[in-house]
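Listing of final.csv, CSV, C-alpha atoms
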chain,number,residue,atom,x,y,z
A,1040,GLY,CA,12.0,-3.6,26.0
A,1041,THR,CA,9.6,-3.3,28.9
A,1042,ALA,CA,8.2,-6.9,28.5
A,1043,VAL,CA,11.6,-8.5,28.8
A,1044,LEU,CA,12.5,-6.4,31.9
A,1045,GLY,CA,9.1,-7.3,33.4
A,1046,VAL,CA,9.8,-11.0,32.9
A,1047,ALA,CA,13.3,-10.6,34.4
A,1048,PHE,CA,11.9,-8.9,37.4
A,1049,LEU,CA,9.2,-11.6,37.9
A,1050,SER,CA,11.9,-14.3,37.8
A,1051,LEU,CA,13.4,-12.7,40.9
A,1052,THR,CA,10.1,-12.8,42.7
A,1053,TRP,CA,8.8,-16.4,42.0
A,1054,PRO,CA,7.5,-18.2,45.1
A,1055,ARG,CA,10.2,-20.2,46.8
A,1056,THR,CA,8.0,-23.4,46.8
A,1057,LEU,CA,7.6,-23.1,43.0
A,1058,VAL,CA,11.4,-22.7,42.5
A,1059,SER,CA,12.0,-25.7,44.8
A,1060,ALA,CA,9.7,-27.9,42.7
A,1061,ALA,CA,11.2,-26.7,39.4
A,1062,GLY,CA,12.6,-30.1,38.5
A,1063,TRP,CA,9.3,-31.9,38.8
A,1064,ILE,CA,7.4,-29.1,37.0
A,1065,ASP,CA,9.9,-29.1,34.1
A,1066,SER,CA,9.5,-32.8,33.7
A,1067,THR,CA,5.7,-32.5,33.6
A,1068,TRP,CA,5.8,-29.5,31.3
A,1069,SER,CA,8.2,-31.3,28.9
A,1070,VAL,CA,5.8,-34.3,28.7
A,1071,ALA,CA,2.9,-32.0,27.9
A,1072,GLU,CA,4.9,-30.3,25.2
A,1073,ILE,CA,5.8,-33.6,23.5
A,1074,ARG,CA,2.2,-34.7,23.6
A,1075,ALA,CA,1.0,-31.4,22.1
A,1076,ASP,CA,3.5,-31.6,19.3
A,1077,LYS,CA,2.5,-35.1,18.4
A,1078,ALA,CA,-1.2,-34.2,18.5
A,1079,ALA,CA,-0.5,-31.1,16.4
A,1080,LYS,CA,0.9,-33.2,13.6
A,1081,GLU,CA,-2.1,-35.6,13.8
A,1082,LEU,CA,-4.6,-32.7,13.8
A,1083,ALA,CA,-3.0,-31.2,10.7
A,1084,GLN,CA,-3.2,-34.5,8.9
A,1085,VAL,CA,-6.9,-34.9,9.9
A,1086,LEU,CA,-7.7,-31.4,8.8
A,1087,ALA,CA,-5.9,-31.9,5.5
A,1088,SER,CA,-7.9,-35.0,4.8
A,1089,LYS,CA,-11.0,-32.8,5.2
A,1090,VAL,CA,-13.1,-35.3,7.1
A,1091,HIS,CA,-14.9,-32.2,8.4
A,1092,GLY,CA,-16.0,-31.4,4.8
A,1093,ASN,CA,-15.0,-28.3,2.9
A,1094,ARG,CA,-16.0,-25.7,5.5
A,1095,PRO,CA,-13.2,-23.6,7.0
A,1096,VAL,CA,-12.5,-24.2,10.7
A,1097,THR,CA,-11.6,-22.0,13.6
A,1098,LEU,CA,-8.9,-23.3,16.0
A,1099,ILE,CA,-8.7,-21.9,19.6
A,1100,GLY,CA,-6.1,-23.0,22.1
A,1101,PHE,CA,-4.7,-21.7,25.4
A,1102,GLY,CA,-1.6,-22.8,27.3
A,1103,ILE,CA,-0.2,-26.0,25.8
A,1104,GLY,CA,-3.3,-26.1,23.7
A,1105,ALA,CA,-2.2,-22.9,22.0
A,1106,ARG,CA,1.1,-24.6,21.3
A,1107,LEU,CA,-0.8,-27.5,19.7
A,1108,VAL,CA,-2.8,-25.1,17.5
A,1109,PHE,CA,0.3,-23.1,16.4
A,1110,LYS,CA,2.3,-26.3,15.6
A,1111,CYS,CA,-0.7,-27.6,13.6
A,1112,LEU,CA,-0.6,-24.4,11.5
A,1113,LEU,CA,3.1,-24.9,10.8
A,1114,HIS,CA,2.5,-28.5,9.7
A,1115,LEU,CA,-0.3,-27.3,7.4
A,1116,SER,CA,2.1,-24.7,6.0
A,1117,ALA,CA,4.6,-27.4,5.3
A,1118,MET,CA,2.0,-29.3,3.3
A,1119,GLY,CA,1.8,-26.5,0.7
A,1120,ALA,CA,-1.4,-26.5,-1.3
A,1121,ALA,CA,-2.8,-29.5,0.6
A,1122,GLY,CA,-2.7,-27.4,3.8
A,1123,ALA,CA,-4.2,-24.2,2.4
A,1124,GLY,CA,-7.8,-23.0,2.6
A,1125,ILE,CA,-8.6,-25.1,5.7
A,1126,VAL,CA,-8.2,-22.8,8.7
A,1127,GLU,CA,-10.1,-19.5,8.6
A,1128,THR,CA,-9.2,-18.2,12.1
A,1129,ALA,CA,-6.8,-19.4,14.8
A,1130,VAL,CA,-6.5,-17.9,18.3
A,1131,CYS,CA,-3.5,-18.7,20.5
A,1132,MET,CA,-3.8,-17.6,24.1
A,1133,GLY,CA,-0.9,-17.7,26.5
A,1134,THR,CA,1.2,-19.5,23.9
A,1135,PRO,CA,4.4,-21.2,25.3
A,1136,LEU,CA,6.4,-20.6,22.1
A,1137,PRO,CA,9.0,-18.1,21.0
A,1138,ALA,CA,7.7,-14.8,19.5
A,1139,SER,CA,9.6,-15.5,16.3
A,1140,PRO,CA,8.4,-13.3,13.5
A,1141,ALA,CA,9.3,-15.8,10.8
A,1142,GLU,CA,7.4,-18.7,12.5
A,1143,TRP,CA,4.3,-16.6,13.2
A,1144,ASP,CA,4.3,-15.4,9.6
A,1145,ARG,CA,4.5,-19.0,8.4
A,1146,ALA,CA,1.6,-19.9,10.7
A,1147,ALA,CA,-0.4,-16.9,9.5
A,1148,SER,CA,0.1,-17.9,5.9
A,1149,VAL,CA,-2.4,-20.8,6.2
A,1150,CYS,CA,-5.1,-18.7,8.0
A,1151,GLY,CA,-7.6,-17.3,5.6
A,1152,HIS,CA,-8.8,-14.5,8.0
A,1153,ARG,CA,-7.0,-14.1,11.3
A,1154,LEU,CA,-4.2,-15.5,13.5
A,1155,VAL,CA,-4.5,-13.9,16.9
A,1156,ASN,CA,-1.8,-13.9,19.6
A,1157,VAL,CA,-3.5,-13.3,22.9
A,1158,TYR,CA,-1.0,-12.4,25.6
A,1159,SER,CA,-0.8,-11.2,29.2
A,1160,GLU,CA,2.3,-9.4,30.4
A,1161,SER,CA,1.5,-10.5,34.0
A,1162,ASP,CA,1.6,-14.2,33.3
A,1163,TRP,CA,4.5,-15.1,35.5
A,1164,VAL,CA,3.5,-18.8,35.5
A,1165,LEU,CA,4.1,-19.0,31.8
A,1166,ALA,CA,7.3,-17.0,32.1
A,1167,PHE,CA,8.6,-19.4,34.7
A,1168,LEU,CA,7.5,-22.7,33.1
A,1169,TYR,CA,8.6,-21.8,29.5
A,1170,ARG,CA,11.7,-19.8,30.2
A,1171,SER,CA,13.1,-22.4,32.6
A,1172,SER,CA,12.7,-25.2,30.0
A,1173,SER,CA,13.7,-23.4,26.8
A,1174,PHE,CA,15.9,-20.5,28.1
A,1175,SER,CA,14.0,-18.2,25.7
A,1176,ARG,CA,13.3,-14.6,26.8
A,1177,TYR,CA,10.9,-13.8,24.0
A,1178,VAL,CA,7.7,-15.8,24.8
A,1179,ALA,CA,4.6,-15.1,22.6
A,1180,GLY,CA,2.2,-15.6,25.5
A,1181,ILE,CA,3.6,-12.6,27.4
A,1182,GLN,CA,4.3,-10.2,24.7
A,1183,LYS,CA,3.4,-8.8,21.3
A,1184,VAL,CA,4.5,-10.8,18.2
A,1185,ARG,CA,5.7,-8.7,15.3
A,1186,SER,CA,5.5,-9.7,11.6
A,1187,GLN,CA,8.4,-9.5,9.2
A,1188,HIS,CA,6.0,-8.0,6.7
A,1189,PRO,CA,4.2,-4.7,7.5
A,1190,GLU,CA,1.5,-5.6,5.0
A,1191,ASN,CA,0.6,-8.7,7.0
A,1192,THR,CA,-3.0,-8.1,8.1
A,1193,VAL,CA,-3.7,-11.6,9.2
A,1194,LEU,CA,-1.5,-11.6,12.3
A,1195,GLU,CA,-3.0,-9.7,15.2
A,1196,ASN,CA,-2.0,-9.1,18.9
A,1197,VAL,CA,-4.5,-8.7,21.7
A,1198,ASN,CA,-3.2,-7.6,25.1
A,1199,VAL,CA,-5.4,-9.1,27.9
A,1200,THR,CA,-3.2,-8.1,30.8
A,1201,SER,CA,-6.1,-6.3,32.5
A,1202,LEU,CA,-8.2,-9.4,32.3
A,1203,VAL,CA,-5.8,-12.3,32.8
A,1204,LYS,CA,-3.6,-11.9,35.8
A,1205,ASN,CA,-2.2,-15.5,35.9
A,1206,HIS,CA,-2.0,-18.4,33.5
A,1207,TRP,CA,-4.9,-20.4,35.1
A,1208,GLU,CA,-7.4,-17.7,34.3
A,1209,TYR,CA,-7.3,-18.4,30.5
A,1210,ARG,CA,-9.5,-21.5,31.1
A,1211,ASP,CA,-11.9,-19.8,33.6
A,1212,LYS,CA,-12.3,-16.7,31.5
A,1213,LEU,CA,-12.4,-18.3,28.1
A,1214,HIS,CA,-15.8,-17.0,27.1
A,1215,ALA,CA,-14.9,-13.5,28.1
A,1216,LEU,CA,-11.7,-13.7,26.2
A,1217,LEU,CA,-13.5,-14.9,23.1
A,1218,GLN,CA,-15.7,-11.8,23.3
A,1219,VAL,CA,-12.6,-9.6,23.5
A,1220,VAL,CA,-11.2,-11.1,20.3
A,1221,GLY,CA,-14.6,-10.9,18.6
A,1222,LEU,CA,-15.4,-14.6,18.4
A,1223,SER,CA,-18.2,-15.0,20.8
A,1224,GLU,CA,-21.0,-15.0,18.2
A,1225,GLY,CA,-21.8,-18.2,16.6
A,1226,ILE,CA,-19.6,-20.3,18.9
A,1227,SER,CA,-21.4,-22.6,21.3
A,1228,ASN,CA,-20.8,-25.9,23.1
A,1229,LEU,CA,-17.1,-25.4,23.4
A,1230,ARG,CA,-15.2,-28.6,24.1
A,1231,ILE,CA,-12.3,-28.2,26.4
A,1232,GLU,CA,-9.7,-30.9,26.2
A,1233,ASN,CA,-7.3,-31.3,29.1
A,1234,MET,CA,-4.2,-33.0,27.7
A,1235,SER,CA,-2.6,-33.2,31.2
A,1236,SER,CA,-5.3,-35.2,33.0
A,1237,ASP,CA,-2.7,-37.2,34.8
A,1238,SER,CA,-1.0,-34.1,36.1
A,1239,GLU,CA,-2.0,-31.7,38.9
A,1240,ILE,CA,-0.9,-28.8,36.8
A,1241,PRO,CA,-3.6,-27.6,34.3
A,1242,ILE,CA,-1.1,-26.5,31.7
A,1243,ALA,CA,-2.4,-28.3,28.6
A,1244,ASP,CA,-5.8,-27.1,27.7
A,1245,GLY,CA,-7.1,-26.4,24.2
A,1246,VAL,CA,-10.3,-25.9,22.3
A,1247,LEU,CA,-11.1,-27.0,18.7
A,1248,VAL,CA,-14.1,-25.3,17.1

Produce structure tokens that represent the structure in this file.
Amino acid sequence: GTAVLGVAFLSLTWPRTLVSAAGWIDSTWSVAEIRADKAAKELAQVLASKVHGNRPVTLIGFGIGARLVFKCLLHLSAMGAAGAGIVETAVCMGTPLPASPAEWDRAASVCGHRLVNVYSESDWVLAFLYRSSSFSRYVAGIQKVRSQHPENTVLENVNVTSLVKNHWEYRDKLHALLQVVGLSEGISNLRIENMSSDSEIPIADGVLV
């Protein structure tokens, strides 16, 4: 559809300097993905142990942090009953993962209230970074994710193209984005973790509330 054609067009207009540095960027991106996947498994284990008590939690991530949140949900789903009833709401912004209906339905199955896919159709940075490393055209962070089940009311999509013009703006506009998805009330003292502190590319940020 339109989103795929848009990404294809953007791939033809990437800056020459970015394309020339693709090898180094891919390496840095791959390291960040590996770290996020490992952290996701650990987070799922910590949540399942309920060290936070019995209160439900809200997970928010953007960029690689969104990948971490999403993978954590998949790990909780694989735990069966032990992983249920822990996450109330999860918000994934600019997610560098496939828009696979089956996987997103699995992730939504452990969210008691909402799983929100926040995406920007103009995020050419995500299109370049993710598509060059995975060869996937269908990236959740730049398009709507569809459920296999029409009755699925947990999975939501929020298009923030008018607000987010590039990938870096997710961090800078986090509070505004939380207002857009209806999570601004009751959330304070957000802790932003940069998983790529040794990199000049801020691609691995996430928030846990």

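Interatomic distance, atom CA of Gly1119 of chain A against atom CA of Gly1104 of chain A: 23.6 Å.
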
Restricting to only C-alpha atoms, whichever of A:Gly1151, A:Gly1221, A:Pro1135, A:Gly1124 is closest to Ala1105 of chain A is A:Pro1135

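Within 7 Å of segment 1077-1081 of chain A, once only C-alpha atoms are used and residues closer than 2 positions along the same chain are dropped, the contacting residues are A:Ile1073, A:Arg1074, A:Ala1075, A:Ala1083, A:Gln1084, A:Val1085, A:Leu1107, A:Val1108, A:Lys1110, A:Cys1111, A:His1114.
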
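The space separating atom CA of Thr1192 of chain A from atom CA of Ser1088 of chain A comes to 27.5 Å.
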
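Coordinates place atom CA of Ser1148 of chain A at a distance of 29.4 Å from atom CA of Glu1208 of chain A.
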
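Nearest-residue note for Val1197 of chain A: choosing from A:Tyr1177, A:Trp1163, A:Tyr1209, A:Tyr1158, the minimum distance belongs to A:Tyr1158, counting all atoms listed in the file.
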
- Message: Using only C-alpha atoms, which protein or nucleic acid residues come within 9 Å of Ala1087 of chain A? Drop anything in the same chain fewer than 4 positions from it, and give the result as a PyMOL selection string.
- Response: chain A and resi 1082-1083+1115+1118+1121-1123+1125

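In this comparison, which uses all atoms listed in the file, the residue of A:Asn1156, A:Asn1093, A:Ser1069, A:Ser1161 approaching Val1130 of chain A most closely is A:Asn1156.
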
Between A:Leu1112, A:Gln1187, A:Ala1129, A:Leu1086, smallest distance to Ile1099 of chain A by all atoms listed in the file belongs to A:Ala1129

- Task: Give me the residues within 8 Å of Asn1198 of chain A as a VMD selection string, counting only C-alpha atoms and dropping any in the same chain fewer than 5 places off.
- Result: chain A and resid 1157 to 1160 1182 to 1183

Could you write those residues out with C-alpha atoms, as an mmCIF file, in the coordinates of the input?
data_model
loop_
_atom_site.group_PDB
_atom_site.id
_atom_site.type_symbol
_atom_site.label_atom_id
_atom_site.label_comp_id
_atom_site.auth_asym_id
_atom_site.auth_seq_id
_atom_site.Cartn_x
_atom_site.Cartn_y
_atom_site.Cartn_z
ATOM 1 C CA VAL A 1157 -3.500 -13.300 22.900
ATOM 2 C CA TYR A 1158 -1.000 -12.400 25.600
ATOM 3 C CA SER A 1159 -0.800 -11.200 29.200
ATOM 4 C CA GLU A 1160 2.300 -9.400 30.400
ATOM 5 C CA GLN A 1182 4.300 -10.200 24.700
ATOM 6 C CA LYS A 1183 3.400 -8.800 21.300
#
